[in-house]
Amino acid sequence: MSEPKDSSAQDKSSRKFLVVVDETPECEVAIYFASRRAAKTKGRVALLYVVPPADFQHWQSVKEVMEDEARDDADRILQNLAENVKNTSGAMPELIIREGNTREEIHAQIDEDPRIKILVLGAASGGSSPGPLVSSLAKGGFVDDVGQGRAVPVTVVPGNLSKEELDELA
């Protein structure tokens with residue numbers, strides 16, 4: 001379920017750059033890039049954190065505590081990122097927490113919000129993998145079916161770009 005935590009009265013028609021938040025270094029690069037693009041295009045950043053379902057079936061009360069803690073952690077992470085986005089883009093981001101499978105929740109968020117125009121992901125630098133998020137989305141042809149019915153471009157930002165290089169691209 002989506003929980004927009006929106007403290008600004010942005011124009012409802014402004015386009016959004018959706019960034020999926022995880023705790024990887026490349027995520028910060030994607031957030032910075034999206035923030036710069038939003039500033040230059042009078043758009044807005046939406047930060048999506050997907051909490052995986054608690055995998056604990058023995059006691060319902062323990063599962064609920066685990067889910068509450070995961071949601072609190074997600075909220076804390078998003079709140080910590082929000083000020084940087086505001087400073088870079090000029091507007092507070094929309095903060096969204098969803099629970100479930102990451103791929104499915106990205107699709108659902110895009111389908112529910114027609115103002116999302118671009119999905120921005122960060123790719124890991126070095127190594128043989130572009131990172132867990134990009135790898136998991138690329139495996140099943142996510143780019144082909146993102147938005148499940150409407151075209152939403154996916155921008156993959158290399159995680160090894162400097163802020164200066166990102167400023168030039170944005």
# chains A, B, ... in the order shown; residues from 1 in each chain; ligands from 1

$ residues_around --residues "Ser89 of chain A" --least-positions-apart "4" --cutoff "12 Å" --atoms "only C-alpha atoms" --output "list in words"
Lys16, Phe17, Ile31, Tyr32, Phe33, Ala34, Ser35, Arg36, Arg37, Ala38, Ala39, Lys40, Thr41, Lys42, Gly43, Arg44, Val45, Ala46, Ala82, Glu83, Asn84, Val85, Pro93, Asp167 and Ala170 of chain A

$ select_by_dssp --residues "segment 67-105 of chain A" --states "strand (DSSP E or B)" --output "MDAnalysis selection string"
chainID A and resid 94:99

$ write_last_selection --atoms "C-alpha atoms" --output "mmCIF file, in the first residue's frame"
data_model
loop_
_atom_site.group_PDB
_atom_site.id
_atom_site.type_symbol
_atom_site.label_atom_id
_atom_site.label_comp_id
_atom_site.auth_asym_id
_atom_site.auth_seq_id
_atom_site.Cartn_x
_atom_site.Cartn_y
_atom_site.Cartn_z
ATOM 1 C CA GLU A 94 7.292 12.438 -2.450
ATOM 2 C CA LEU A 95 8.119 9.611 -0.047
ATOM 3 C CA ILE A 96 6.460 6.276 -0.694
ATOM 4 C CA ILE A 97 6.653 3.038 1.282
ATOM 5 C CA ARG A 98 5.149 -0.109 -0.172
ATOM 6 C CA GLU A 99 5.248 -3.680 1.080
#

$ residues_around --residues "Asp75 of chain A" --least-positions-apart "3" --cutoff "12 Å" --atoms "only C-alpha atoms" --output "list in words"
Glu3, Pro4, Lys5, Val21, Leu47, Leu48, Tyr49, Val50, Val51, Asp68, Glu69, Ala70, Arg71, Asp72, Leu78, Gln79, Asn80, Leu81, Ala82, Glu94, Leu95, Ile96, Ile97 and Arg98 of chain A

$ select_by_dssp --residues "segment 71-149 of chain A" --states "alpha helix (DSSP H)" --output "PyMOL selection string"
chain A and resi 71-89+102-112+132-139+142-145

$ atom_distance --atom1 "atom CA of Val19 of chain A" --atom2 "atom CA of Pro114 of chain A"
15.1 Å

$ atom_distance --atom1 "atom CA of Lys117 of chain A" --atom2 "atom CA of Ser129 of chain A"
26.3 Å

$ atom_distance --atom1 "atom CA of Leu166 of chain A" --atom2 "atom CA of Val152 of chain A"
21.2 Å

$ closest_atom_pairs --of "segment 23-134 of chain A" --to "segment 156-164 of chain A" --cutoff "10 Å" --atoms "only C-alpha atoms" --output "CSV"
residue,atom,partner,partner_atom,distance
A:Thr24,CA,A:Gly159,CA,9.7
A:Pro25,CA,A:Gly159,CA,7.2
A:Glu26,CA,A:Gly159,CA,4.6
A:Cys27,CA,A:Gly159,CA,7.9
A:Glu28,CA,A:Gly159,CA,8.4
A:Val29,CA,A:Gly159,CA,5.8
A:Ala30,CA,A:Val157,CA,6.0
A:Ile31,CA,A:Val157,CA,9.7
A:Tyr32,CA,A:Lys163,CA,7.9
A:Phe33,CA,A:Val157,CA,7.6
A:Ala34,CA,A:Val157,CA,9.5
A:Arg36,CA,A:Lys163,CA,9.9
A:Leu119,CA,A:Val156,CA,8.5
A:Val120,CA,A:Val156,CA,6.0
A:Leu121,CA,A:Val156,CA,4.8
A:Gly122,CA,A:Val157,CA,4.7
A:Ala123,CA,A:Pro158,CA,4.9
A:Ala124,CA,A:Gly159,CA,5.0
A:Ser125,CA,A:Gly159,CA,5.1
A:Gly126,CA,A:Asn160,CA,8.1
A:Pro130,CA,A:Pro158,CA,8.5
A:Gly131,CA,A:Gly159,CA,9.4
A:Val134,CA,A:Val156,CA,8.1

$ residues_around --residues "Gln109 of chain A" --least-positions-apart "3" --cutoff "9 Å" --atoms "only C-alpha atoms" --output "list in words"
Ser2, Leu48, Ile96, Arg98, Glu104, Glu105, Ile106, Glu112, Asp113, Ile116 and Gly147 of chain A

$ decode --residues "segment 27-143 of chain A" --atoms "C-alpha atoms" --output "mmCIF file, in the first residue's frame"
data_model
loop_
_atom_site.group_PDB
_atom_site.id
_atom_site.type_symbol
_atom_site.label_atom_id
_atom_site.label_comp_id
_atom_site.auth_asym_id
_atom_site.auth_seq_id
_atom_site.Cartn_x
_atom_site.Cartn_y
_atom_site.Cartn_z
ATOM 1 C CA CYS A 27 21.146 4.452 -5.201
ATOM 2 C CA GLU A 28 22.600 7.760 -4.013
ATOM 3 C CA VAL A 29 23.886 8.457 -7.532
ATOM 4 C CA ALA A 30 20.432 7.752 -8.981
ATOM 5 C CA ILE A 31 18.818 10.058 -6.417
ATOM 6 C CA TYR A 32 21.240 12.872 -7.185
ATOM 7 C CA PHE A 33 20.732 12.499 -10.945
ATOM 8 C CA ALA A 34 16.938 12.443 -10.576
ATOM 9 C CA SER A 35 17.091 15.489 -8.297
ATOM 10 C CA ARG A 36 19.153 17.455 -10.822
ATOM 11 C CA ARG A 37 16.834 16.446 -13.691
ATOM 12 C CA ALA A 38 13.813 17.447 -11.619
ATOM 13 C CA ALA A 39 15.367 20.845 -10.873
ATOM 14 C CA LYS A 40 16.139 21.501 -14.536
ATOM 15 C CA THR A 41 12.757 20.364 -15.840
ATOM 16 C CA LYS A 42 10.561 21.700 -13.033
ATOM 17 C CA GLY A 43 9.728 18.122 -12.147
ATOM 18 C CA ARG A 44 9.645 16.299 -8.885
ATOM 19 C CA VAL A 45 11.388 13.317 -7.323
ATOM 20 C CA ALA A 46 9.450 10.426 -5.847
ATOM 21 C CA LEU A 47 11.410 8.062 -3.614
ATOM 22 C CA LEU A 48 10.027 4.527 -3.364
ATOM 23 C CA TYR A 49 11.162 2.137 -0.665
ATOM 24 C CA VAL A 50 9.823 -1.400 -0.941
ATOM 25 C CA VAL A 51 9.727 -3.372 2.291
ATOM 26 C CA PRO A 52 9.910 -7.102 1.597
ATOM 27 C CA PRO A 53 7.221 -9.168 3.281
ATOM 28 C CA ALA A 54 8.262 -10.578 6.655
ATOM 29 C CA ASP A 55 9.114 -14.236 6.268
ATOM 30 C CA PHE A 56 8.091 -15.456 9.682
ATOM 31 C CA GLN A 57 5.092 -17.732 9.903
ATOM 32 C CA HIS A 58 5.228 -19.133 13.425
ATOM 33 C CA TRP A 59 3.792 -16.270 15.464
ATOM 34 C CA GLN A 60 1.650 -13.551 13.961
ATOM 35 C CA SER A 61 2.596 -11.043 16.661
ATOM 36 C CA VAL A 62 6.324 -11.499 15.931
ATOM 37 C CA LYS A 63 5.657 -11.058 12.213
ATOM 38 C CA GLU A 64 3.747 -7.831 12.885
ATOM 39 C CA VAL A 65 6.585 -6.465 15.040
ATOM 40 C CA MET A 66 9.080 -7.308 12.294
ATOM 41 C CA GLU A 67 6.909 -5.557 9.686
ATOM 42 C CA ASP A 68 6.514 -2.476 11.911
ATOM 43 C CA GLU A 69 10.281 -2.286 12.445
ATOM 44 C CA ALA A 70 10.925 -2.627 8.707
ATOM 45 C CA ARG A 71 8.461 0.176 7.946
ATOM 46 C CA ASP A 72 10.061 2.388 10.616
ATOM 47 C CA ASP A 73 13.498 1.728 9.094
ATOM 48 C CA ALA A 74 12.176 2.560 5.619
ATOM 49 C CA ASP A 75 10.629 5.793 6.886
ATOM 50 C CA ARG A 76 13.878 6.786 8.634
ATOM 51 C CA ILE A 77 15.913 6.128 5.474
ATOM 52 C CA LEU A 78 13.509 8.135 3.293
ATOM 53 C CA GLN A 79 13.411 11.033 5.745
ATOM 54 C CA ASN A 80 17.222 11.143 5.800
ATOM 55 C CA LEU A 81 17.334 11.325 1.991
ATOM 56 C CA ALA A 82 14.541 13.890 1.649
ATOM 57 C CA GLU A 83 16.546 16.930 2.731
ATOM 58 C CA ASN A 84 19.300 16.233 0.186
ATOM 59 C CA VAL A 85 16.696 15.875 -2.553
ATOM 60 C CA LYS A 86 15.090 19.152 -1.501
ATOM 61 C CA ASN A 87 18.440 20.950 -1.520
ATOM 62 C CA THR A 88 19.315 19.598 -4.971
ATOM 63 C CA SER A 89 15.932 19.728 -6.704
ATOM 64 C CA GLY A 90 14.341 22.682 -4.936
ATOM 65 C CA ALA A 91 11.338 20.669 -3.723
ATOM 66 C CA MET A 92 10.620 18.047 -1.114
ATOM 67 C CA PRO A 93 10.325 14.617 -2.699
ATOM 68 C CA GLU A 94 7.292 12.438 -2.450
ATOM 69 C CA LEU A 95 8.119 9.611 -0.047
ATOM 70 C CA ILE A 96 6.460 6.276 -0.694
ATOM 71 C CA ILE A 97 6.653 3.038 1.282
ATOM 72 C CA ARG A 98 5.149 -0.109 -0.172
ATOM 73 C CA GLU A 99 5.248 -3.680 1.080
ATOM 74 C CA GLY A 100 5.771 -6.684 -1.160
ATOM 75 C CA ASN A 101 7.863 -7.846 -4.084
ATOM 76 C CA THR A 102 10.045 -5.009 -5.388
ATOM 77 C CA ARG A 103 9.316 -5.621 -9.054
ATOM 78 C CA GLU A 104 5.558 -5.845 -8.501
ATOM 79 C CA GLU A 105 5.472 -2.764 -6.283
ATOM 80 C CA ILE A 106 7.417 -0.666 -8.807
ATOM 81 C CA HIS A 107 4.885 -1.686 -11.457
ATOM 82 C CA ALA A 108 1.992 -0.906 -9.138
ATOM 83 C CA GLN A 109 3.352 2.532 -8.226
ATOM 84 C CA ILE A 110 3.901 3.444 -11.875
ATOM 85 C CA ASP A 111 0.441 2.208 -12.812
ATOM 86 C CA GLU A 112 -1.211 4.126 -9.952
ATOM 87 C CA ASP A 113 0.529 7.448 -10.608
ATOM 88 C CA PRO A 114 0.347 8.737 -14.192
ATOM 89 C CA ARG A 115 2.660 11.643 -13.283
ATOM 90 C CA ILE A 116 5.597 9.225 -13.021
ATOM 91 C CA LYS A 117 7.354 9.742 -16.330
ATOM 92 C CA ILE A 118 10.804 8.214 -15.748
ATOM 93 C CA LEU A 119 12.157 5.414 -13.570
ATOM 94 C CA VAL A 120 15.739 6.194 -12.490
ATOM 95 C CA LEU A 121 18.005 3.377 -11.328
ATOM 96 C CA GLY A 122 21.654 3.382 -10.319
ATOM 97 C CA ALA A 123 24.068 0.783 -11.685
ATOM 98 C CA ALA A 124 26.925 -0.480 -9.542
ATOM 99 C CA SER A 125 30.392 0.518 -10.614
ATOM 100 C CA GLY A 126 33.041 -2.121 -11.115
ATOM 101 C CA GLY A 127 32.504 -5.821 -10.865
ATOM 102 C CA SER A 128 30.559 -7.999 -13.236
ATOM 103 C CA SER A 129 27.072 -7.059 -12.029
ATOM 104 C CA PRO A 130 25.177 -3.775 -12.397
ATOM 105 C CA GLY A 131 23.951 -4.208 -8.823
ATOM 106 C CA PRO A 132 21.127 -6.113 -7.162
ATOM 107 C CA LEU A 133 18.249 -3.874 -8.224
ATOM 108 C CA VAL A 134 19.197 -3.459 -11.888
ATOM 109 C CA SER A 135 20.096 -7.166 -12.121
ATOM 110 C CA SER A 136 16.819 -8.328 -10.622
ATOM 111 C CA LEU A 137 14.777 -6.042 -12.876
ATOM 112 C CA ALA A 138 16.718 -6.961 -16.007
ATOM 113 C CA LYS A 139 16.320 -10.730 -15.492
ATOM 114 C CA GLY A 140 12.656 -10.900 -16.348
ATOM 115 C CA GLY A 141 12.453 -8.251 -19.031
ATOM 116 C CA PHE A 142 11.267 -5.535 -16.654
ATOM 117 C CA VAL A 143 12.217 -2.779 -19.078
#
